[in-house]
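A.B. asks: Just so it is clear, I am handing over upload.cif, which has mmCIF, C-alpha atoms.
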```
data_query
#
loop_
_atom_site.label_atom_id
_atom_site.label_comp_id
_atom_site.auth_asym_id
_atom_site.auth_seq_id
_atom_site.Cartn_x
_atom_site.Cartn_y
_atom_site.Cartn_z
CA MET A 1 -85.52 47.98 27.05
CA THR A 2 -81.94 47.43 26.33
CA ASP A 3 -80.98 46.16 29.78
CA GLY A 4 -83.97 43.90 29.91
CA SER A 5 -83.21 42.44 26.54
CA ILE A 6 -79.72 41.61 27.65
CA GLU A 7 -80.80 40.08 30.93
CA ASN A 8 -83.60 38.10 29.32
CA SER A 9 -81.50 36.86 26.41
CA PRO A 10 -81.32 33.05 26.35
CA ALA A 11 -78.05 31.36 27.33
CA PRO A 12 -76.22 29.63 24.51
CA ASP A 13 -77.12 25.98 24.27
CA ASN A 14 -74.74 23.05 23.75
CA LYS A 15 -75.03 23.23 19.98
CA THR A 16 -73.98 26.85 20.04
CA GLU A 17 -70.94 26.01 22.22
CA HIS A 18 -70.03 23.21 19.85
CA LYS A 19 -70.18 25.56 16.90
CA LEU A 20 -68.03 28.11 18.70
CA THR A 21 -65.48 25.44 19.53
CA ASN A 22 -65.37 24.27 15.95
CA SER A 23 -64.89 27.83 14.77
CA LEU A 24 -61.61 28.13 16.75
CA PRO A 25 -58.40 27.54 14.79
CA GLN A 26 -57.43 23.88 14.98
CA SER A 27 -53.75 24.83 15.38
CA ASP A 28 -54.54 26.50 18.73
CA ILE A 29 -56.30 23.38 19.97
CA ARG A 30 -53.49 21.10 18.80
CA SER A 31 -50.83 23.29 20.35
CA GLU A 32 -52.66 23.26 23.68
CA ASP A 33 -53.01 19.47 23.55
CA GLU A 34 -49.37 19.06 22.65
CA LEU A 35 -48.33 21.28 25.56
CA ILE A 36 -50.41 19.16 27.91
CA ASP A 37 -48.93 15.97 26.46
CA VAL A 38 -45.37 17.19 26.92
CA ARG A 39 -46.06 18.12 30.53
CA PHE A 40 -47.76 14.81 31.10
CA LEU A 41 -44.82 12.88 29.66
CA PHE A 42 -42.34 14.90 31.68
CA VAL A 43 -44.23 14.17 34.88
CA GLU A 44 -44.38 10.48 34.04
CA VAL A 45 -40.63 10.39 33.48
CA LEU A 46 -40.05 12.06 36.84
CA LYS A 47 -42.29 9.53 38.54
CA LYS A 48 -40.09 6.72 37.20
CA TRP A 49 -36.86 8.28 38.48
CA TRP A 50 -35.99 5.06 40.27
CA LEU A 51 -35.98 3.16 36.97
CA ILE A 52 -33.59 5.71 35.43
CA LEU A 53 -31.37 5.39 38.49
CA ILE A 54 -31.24 1.60 38.08
CA PHE A 55 -30.25 1.87 34.41
CA VAL A 56 -27.60 4.53 35.10
CA SER A 57 -26.19 2.49 37.99
CA PHE A 58 -25.94 -0.54 35.72
CA GLY A 59 -24.15 1.53 33.07
CA ILE A 60 -21.67 2.87 35.63
CA TRP A 61 -21.09 -0.61 37.07
CA ASN A 62 -20.47 -2.04 33.60
CA GLY A 63 -18.05 0.79 32.82
CA ILE A 64 -16.13 0.19 36.05
CA GLN A 65 -15.88 -3.52 35.21
CA ASN A 66 -14.50 -2.66 31.77
CA MET A 67 -11.95 -0.31 33.35
CA HIS A 68 -10.90 -3.10 35.72
CA SER A 69 -10.38 -5.51 32.82
CA PHE A 70 -8.49 -2.91 30.75
CA SER A 71 -4.99 -4.10 29.81
CA PRO A 72 -2.45 -1.24 29.91
CA THR A 73 0.07 -1.19 27.08
CA TYR A 74 3.42 0.43 26.44
CA MET A 75 3.97 2.75 23.50
CA ALA A 76 7.14 2.85 21.43
CA ARG A 77 7.58 6.13 19.56
CA MET A 78 9.81 7.76 16.97
CA LEU A 79 9.72 11.10 15.16
CA VAL A 80 10.42 11.36 11.43
CA MET A 81 10.08 13.88 8.65
CA PRO A 82 9.66 13.32 4.90
CA ILE A 83 12.61 13.88 2.60
CA GLU A 84 11.90 16.29 -0.23
CA GLU A 85 12.97 15.15 -3.64
CA GLY A 86 13.69 17.00 -6.84
CA SER A 87 15.44 20.08 -5.47
CA GLY A 88 18.32 21.94 -7.04
CA ALA A 89 19.48 22.74 -10.55
CA ALA A 90 19.45 19.11 -11.68
CA ALA A 91 15.79 18.82 -10.81
CA LYS A 92 14.95 21.99 -12.76
CA GLN A 93 16.81 20.70 -15.80
CA VAL A 94 14.99 17.38 -15.57
CA GLY A 95 11.70 19.24 -15.17
CA ALA A 96 12.34 21.13 -18.38
CA SER A 97 13.26 17.89 -20.11
CA ALA A 98 10.05 16.30 -18.83
CA THR A 99 8.06 19.01 -20.58
CA VAL A 100 9.78 18.28 -23.89
CA VAL A 101 9.47 14.51 -23.60
CA GLY A 102 5.90 14.74 -22.40
CA ALA A 103 4.94 17.00 -25.27
CA ILE A 104 6.50 14.70 -27.89
CA ALA A 105 5.78 11.27 -26.39
CA GLY A 106 2.53 12.15 -24.62
CA ILE A 107 3.82 10.82 -21.27
CA ASN A 108 3.76 12.56 -17.88
CA PHE A 109 7.02 11.66 -16.12
CA SER A 110 6.37 13.89 -13.12
CA GLY A 111 3.43 11.77 -11.99
CA GLY A 112 1.65 14.78 -10.47
CA GLN A 113 1.54 13.14 -7.04
CA SER A 114 1.65 15.19 -3.85
CA SER A 115 2.29 12.20 -1.57
CA THR A 116 5.78 11.66 -0.22
CA LYS A 117 7.74 8.45 0.22
CA LEU A 118 6.89 8.65 3.91
CA ASP A 119 3.20 8.59 3.02
CA ARG A 120 3.85 5.50 0.92
CA LEU A 121 5.71 3.90 3.82
CA ILE A 122 2.80 4.52 6.19
CA HIS A 123 0.34 3.13 3.69
CA SER A 124 2.50 0.04 3.10
CA THR A 125 2.12 -0.97 6.76
CA LYS A 126 -1.56 -1.67 6.05
CA THR A 127 -0.94 -3.90 3.02
CA LEU A 128 -0.99 -7.66 2.79
CA GLU A 129 2.23 -7.60 0.77
CA LEU A 130 4.27 -6.17 3.66
CA ALA A 131 2.62 -8.65 6.06
CA LYS A 132 3.77 -11.48 3.79
CA VAL A 133 7.31 -10.07 3.78
CA LEU A 134 7.39 -9.85 7.58
CA ASP A 135 6.00 -13.35 8.04
CA ARG A 136 8.42 -14.81 5.53
CA LYS A 137 11.43 -13.07 7.06
CA TYR A 138 10.60 -13.16 10.79
CA ASN A 139 8.04 -16.00 11.04
CA LEU A 140 5.74 -13.40 12.57
CA MET A 141 2.57 -15.49 12.42
CA HIS A 142 3.95 -18.05 14.86
CA LYS A 143 5.45 -15.36 17.09
CA LEU A 144 2.06 -13.74 17.51
CA TYR A 145 -0.30 -16.73 17.39
CA GLY A 146 2.08 -19.53 18.33
CA GLY A 147 0.01 -20.51 21.36
CA SER A 148 -2.83 -21.56 19.07
CA TRP A 149 -0.67 -23.75 16.81
CA ASP A 150 -0.89 -27.53 17.04
CA GLU A 151 2.45 -29.07 16.10
CA LYS A 152 0.99 -32.58 15.74
CA THR A 153 -1.73 -31.72 13.26
CA GLN A 154 0.04 -28.64 11.85
CA THR A 155 -3.20 -26.67 12.20
CA TRP A 156 -4.49 -23.78 14.28
CA LYS A 157 -6.39 -24.74 17.41
CA ARG A 158 -10.00 -23.65 17.68
CA PRO A 159 -10.85 -22.04 21.06
CA VAL A 160 -13.09 -24.05 23.37
CA GLY A 161 -15.49 -23.20 26.19
CA GLU A 162 -19.18 -22.48 26.70
CA ARG A 163 -18.70 -18.74 26.53
CA PHE A 164 -16.88 -19.00 23.20
CA GLU A 165 -19.50 -21.35 21.74
CA TRP A 166 -22.33 -19.10 22.90
CA ARG A 167 -20.67 -16.06 21.30
CA GLU A 168 -20.14 -18.02 18.10
CA ARG A 169 -23.83 -18.96 17.95
CA VAL A 170 -24.90 -15.35 18.53
CA ASN A 171 -22.50 -14.05 15.86
CA ALA A 172 -23.70 -16.69 13.40
CA TYR A 173 -27.35 -15.80 14.04
CA LEU A 174 -26.65 -12.07 13.60
CA LYS A 175 -24.53 -12.73 10.48
CA LEU A 176 -21.44 -11.39 12.24
CA PRO A 177 -17.93 -12.77 11.62
CA THR A 178 -17.21 -16.02 13.43
CA TRP A 179 -13.88 -17.55 14.39
CA SER A 180 -11.44 -18.41 11.63
CA PRO A 181 -7.79 -19.55 11.77
CA PRO A 182 -5.18 -16.77 11.79
CA ASN A 183 -3.92 -15.84 8.34
CA ILE A 184 -1.98 -13.11 6.57
CA GLU A 185 -5.03 -10.85 6.72
CA SER A 186 -5.09 -11.29 10.51
CA LEU A 187 -1.40 -10.39 10.68
CA SER A 188 -1.95 -7.32 8.51
CA GLY A 189 -4.83 -6.25 10.76
CA PHE A 190 -2.63 -6.60 13.84
CA ILE A 191 0.09 -4.43 12.29
CA ALA A 192 -2.35 -1.79 11.06
CA GLY A 193 -4.10 -1.70 14.44
CA SER A 194 -0.92 -1.33 16.52
CA PHE A 195 1.21 0.83 14.22
CA LYS A 196 -0.01 4.44 14.06
CA ALA A 197 1.24 7.56 12.28
CA ASP A 198 0.05 10.93 13.62
CA ASP A 199 0.78 14.40 12.31
CA VAL A 200 2.69 16.77 14.58
CA GLU A 201 0.59 19.92 14.53
CA GLY A 202 2.20 22.85 12.78
CA THR A 203 5.07 20.78 11.35
CA PRO A 204 5.62 18.32 8.48
CA TYR A 205 6.80 15.75 11.03
CA LYS A 206 5.16 12.41 11.73
CA SER A 207 5.01 10.61 15.06
CA LEU A 208 5.19 6.84 14.49
CA THR A 209 4.05 4.65 17.38
CA PHE A 210 3.51 0.99 18.19
CA THR A 211 1.63 -0.27 21.25
CA HIS A 212 2.17 -3.59 22.99
CA ALA A 213 1.80 -5.04 26.48
CA ASP A 214 5.55 -5.81 26.54
CA PRO A 215 7.75 -2.67 26.28
CA ASP A 216 10.62 -4.59 24.67
CA LYS A 217 8.32 -6.04 22.03
CA ALA A 218 6.77 -2.64 21.38
CA LEU A 219 10.21 -1.23 20.58
CA TYR A 220 11.19 -4.32 18.60
CA TYR A 221 8.08 -4.26 16.40
CA LEU A 222 8.33 -0.51 15.78
CA LYS A 223 11.92 -0.80 14.54
CA MET A 224 11.15 -3.92 12.51
CA ILE A 225 8.08 -2.49 10.77
CA TYR A 226 9.75 0.84 10.02
CA ASN A 227 12.94 -0.72 8.65
CA GLU A 228 11.15 -3.36 6.58
CA SER A 229 8.61 -0.91 5.14
CA ASN A 230 11.53 1.42 4.35
CA ASP A 231 13.25 -1.36 2.41
CA TYR A 232 9.94 -2.29 0.79
CA ILE A 233 9.55 1.24 -0.63
CA ARG A 234 13.16 1.25 -1.82
CA ARG A 235 12.67 -2.03 -3.69
CA GLN A 236 9.59 -0.61 -5.37
CA ASP A 237 11.56 2.47 -6.41
CA GLU A 238 14.37 0.32 -7.81
CA VAL A 239 11.92 -1.59 -9.99
CA GLU A 240 10.31 1.64 -11.17
CA ARG A 241 13.67 3.22 -11.98
CA SER A 242 14.75 0.13 -13.89
CA ASN A 243 11.55 0.19 -15.95
CA ARG A 244 11.92 3.91 -16.66
CA ARG A 245 15.58 3.49 -17.61
CA ASN A 246 14.77 0.67 -20.04
CA TYR A 247 12.01 2.73 -21.58
CA LEU A 248 14.22 5.81 -21.96
CA GLU A 249 17.04 3.80 -23.54
CA ASP A 250 14.65 2.25 -26.04
CA ARG A 251 13.25 5.65 -27.00
CA LEU A 252 16.73 7.14 -27.24
CA ASN A 253 17.80 4.42 -29.66
CA SER A 254 14.68 4.82 -31.76
CA THR A 255 14.57 8.62 -32.25
CA ASN A 256 16.62 11.10 -34.25
CA ILE A 257 15.02 14.31 -32.98
CA LYS A 258 17.74 16.37 -31.29
CA GLU A 259 15.52 18.03 -28.66
CA PHE A 260 13.98 14.69 -27.81
CA ARG A 261 17.37 12.99 -27.53
CA ASP A 262 18.74 15.76 -25.29
CA ALA A 263 15.74 15.46 -22.99
CA LEU A 264 16.08 11.69 -22.84
CA VAL A 265 19.78 11.99 -22.03
CA ASN A 266 18.96 14.33 -19.12
CA PHE A 267 16.43 11.81 -17.85
CA LEU A 268 18.92 8.98 -18.07
CA ALA A 269 21.47 11.06 -16.16
CA GLU A 270 18.92 11.73 -13.43
CA GLU A 271 18.06 8.03 -13.17
CA ALA A 272 21.78 7.20 -12.92
CA ARG A 273 22.15 9.79 -10.15
CA LYS A 274 19.23 8.25 -8.22
CA ASP A 275 20.75 4.77 -8.59
CA MET A 276 24.07 6.03 -7.27
CA MET A 277 22.43 7.72 -4.28
CA ALA A 278 20.37 4.62 -3.50
CA GLN A 279 23.37 2.30 -3.68
CA GLY A 280 25.31 4.59 -1.37
CA ASN A 281 22.36 4.59 1.09
CA LEU A 282 22.38 8.40 0.97
CA ARG A 283 18.70 8.84 0.23
CA GLY A 284 16.14 7.23 2.51
CA VAL A 285 12.40 7.33 2.73
CA ALA A 286 12.41 9.69 5.74
CA ARG A 287 14.80 11.43 8.09
CA VAL A 288 14.68 10.20 11.69
CA LEU A 289 14.56 13.17 14.05
CA ASP A 290 13.98 11.25 17.28
CA PRO A 291 15.14 7.60 17.39
CA PRO A 292 12.73 4.91 18.62
CA TYR A 293 12.17 4.78 22.38
CA VAL A 294 9.58 3.38 24.79
CA SER A 295 7.52 5.69 26.95
CA SER A 296 7.77 4.97 30.67
CA ARG A 297 4.05 5.64 31.09
CA LYS A 298 1.60 2.91 30.27
CA THR A 299 -1.70 3.68 28.59
CA SER A 300 -4.67 4.13 30.95
CA PRO A 301 -8.45 3.85 30.44
CA SER A 302 -10.48 7.02 29.93
CA MET A 303 -13.13 7.63 32.63
CA LEU A 304 -15.30 9.50 30.12
CA VAL A 305 -15.22 6.69 27.55
CA PHE A 306 -15.53 3.74 29.92
CA VAL A 307 -17.99 5.21 32.47
CA GLY A 308 -19.44 8.48 31.19
CA PHE A 309 -20.72 7.29 27.83
CA PRO A 310 -22.32 4.06 29.16
CA ALA A 311 -24.07 6.02 31.92
CA VAL A 312 -25.51 8.56 29.47
CA PHE A 313 -26.51 5.81 27.07
CA ALA A 314 -28.24 3.86 29.88
CA ALA A 315 -30.12 7.01 30.95
CA ALA A 316 -31.31 7.62 27.38
CA ILE A 317 -32.46 4.00 27.04
CA SER A 318 -34.41 4.17 30.31
CA VAL A 319 -36.17 7.43 29.33
CA ALA A 320 -37.04 5.98 25.92
CA LEU A 321 -38.56 2.87 27.55
CA ILE A 322 -40.60 4.98 29.98
CA LEU A 323 -41.99 7.14 27.17
CA LEU A 324 -42.79 4.09 25.09
CA PHE A 325 -44.64 2.45 27.99
CA VAL A 326 -46.60 5.64 28.70
CA LEU A 327 -47.63 6.11 25.09
CA ILE A 328 -48.70 2.48 24.74
CA ARG A 329 -50.77 2.71 27.95
CA LYS A 330 -52.35 5.97 26.83
CA GLU A 331 -53.53 4.39 23.59
#
```
Please express what this file holds, its structure, as structure tokens.
C.D. replies:
Amino acid sequence: MTDGSIENSPAPDNKTEHKLTNSLPQSDIRSEDELIDVRFLFVEVLKKWWLILIFVSFGIWNGIQNMHSFSPTYMARMLVMPIEEGSGAAAKQVGASATVVGAIAGINFSGGQSSTKLDRLIHSTKTLELAKVLDRKYNLMHKLYGGSWDEKTQTWKRPVGERFEWRERVNAYLKLPTWSPPNIESLSGFIAGSFKADDVEGTPYKSLTFTHADPDKALYYLKMIYNESNDYIRRQDEVERSNRRNYLEDRLNSTNIKEFRDALVNFLAEEARKDMMAQGNLRGVARVLDPPYVSSRKTSPSMLVFVGFPAVFAAAISVALILLFVLIRKE
């Protein structure tokens, strides 16, 4: 009978169960195991909540200590805008002449550069050449690092102390930079790190700032760096104009082509106009919209940077250590 055959049918043995298990898709088995593993790891992390709390507390404590040791600074600020060059009828005439000269001589007088003189000024503050000018004119190295100068030996003093020596050994082992006497590169790094130029959103203006612990020095350095970099750019322009003028005069004396000579004459007239404007101090690198001043508010530490980030980083480190320990123990 049918019912009897069903009731009396033998139960599947272990081999049959093993075959049925093997016939299941391996992806289903793996996904089930992975789900169990994720739950297991999550539970293990929750069990070690006290360890995460210790790490986060240490991160917060370290951030608070860094906020306590933060040195507020004053910020000197000024607002400038670039001066556009080459406007008006004279510029158009010179532009037409440039096409003629460029076509005949194969030279591009326009340069094709979109950067302004103000951009050049900002870039010059990061150069070693300007740092040399400032040190030569204002003895800036000794003003900044004078406390480390030994008058007897005429050398820079090396810092002393166990903490300094320990840091030096660690840096040497990790192939990190160790202490070296201050030099022009150090001075250039100080200027580039303290002098900033930020765009004013929606305008062509630039906000130039300099930060220092002393408000008077912040204002002094901002004025000094701006004025000296301004003069530095002007001297570069004078040399370039002199070279261009000499070149144009040589070509004018060596050619008989009327169109070429007319174009060269226009160029020479433009160079003469630029020289006259420069000598009369009528054309600067930038126009000052807001003269230099010192903000009454000192800089303050950011709670998110000094406390928030270390706390999150400490929590991530603690979770990673817990997972690593669990996986090693499970193996």
A.B. asks: Mind pulling up the distance from atom CA of A:Val133 to atom CA of A:Asp199?
C.D. replies: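 Distance reported for this atom pair: 26.7 Å.
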A.B. asks: Taking the file as I've supplied it (selection: the PyMOL selection byres ((chain A and resi 290) around 8)), which residues are included? Please answer as number ranges by chain.
C.D. replies: A: 78-80, 288-289, 291-292
A.B. asks: Return the single residue from A:Phe164, A:Tyr293, A:Tyr247, A:Phe55 that is closest to A:Ala314, with distances computed using all atoms listed in the file.
C.D. replies: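 Closest to A:Ala314 of all the choices is A:Phe55.
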A.B. asks: As an exercise, work out the distance from atom CA of A:Thr178 to atom CA of A:Lys152 in Å and give it to one decimal place.
C.D. replies: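 Rounded to one decimal, the two atoms are 24.7 Å apart.
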A.B. asks: Could you please determine the separation between atom CA of A:Asp216 and atom CA of A:Thr125 in Å, to one decimal place?
C.D. replies: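 It comes out at 20.2 Å.
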A.B. asks: Which of these residues is nearest to A:Thr211, using only C-alpha atoms: A:Val56, A:Val294, A:Leu130, A:Ala269?
C.D. replies: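 Among the listed residues, the smallest separation from A:Thr211 belongs to A:Val294.
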A.B. asks: I need the output of the PyMOL selection byres ((chain A and resi 204) around 12) for this file as a ChimeraX atom specification; which residues are they?
C.D. replies: /A:79-84,116,118-119,198-203,205-207,286-287,289
A.B. asks: Using only C-alpha atoms, which of the listed residues (A:Val265, A:Leu304, A:Ile52, A:Ala272) sits closest to A:Ser242?
C.D. replies: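 Comparing A:Val265, A:Leu304, A:Ile52, A:Ala272 against A:Ser242, the winner is A:Ala272.
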A.B. asks: How would you write, as JSON, numbers by chain, the residues chosen by the PyMOL selection byres ((chain A and resi 235-241) around 10) on this structure?
C.D. replies: {"A": [117, 229, 230, 231, 232, 233, 234, 242, 243, 244, 245, 246, 247, 268, 271, 272, 274, 275, 278]}
A.B. asks: Out of A:Ser115, A:Val45, A:Tyr226, A:Pro159, which residue has the shortest atom-to-atom distance to A:Leu134 when counting only C-alpha atoms?
C.D. replies: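 That would be A:Tyr226, the residue with the smallest distance to A:Leu134.
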A.B. asks: Pick out the closest residue to A:Ile225 from this set: A:Leu176, A:Asn183, A:Ser188, A:Tyr145. Count all atoms listed in the file.
C.D. replies: A:Ser188
A.B. asks: Using all atoms listed in the file, find the one residue out of A:Met141, A:Leu121, A:Leu174, A:Ala311 that sits nearest to A:Gly63.
C.D. replies: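 Counting all atoms listed in the file, the residue closest to A:Gly63 is A:Ala311.
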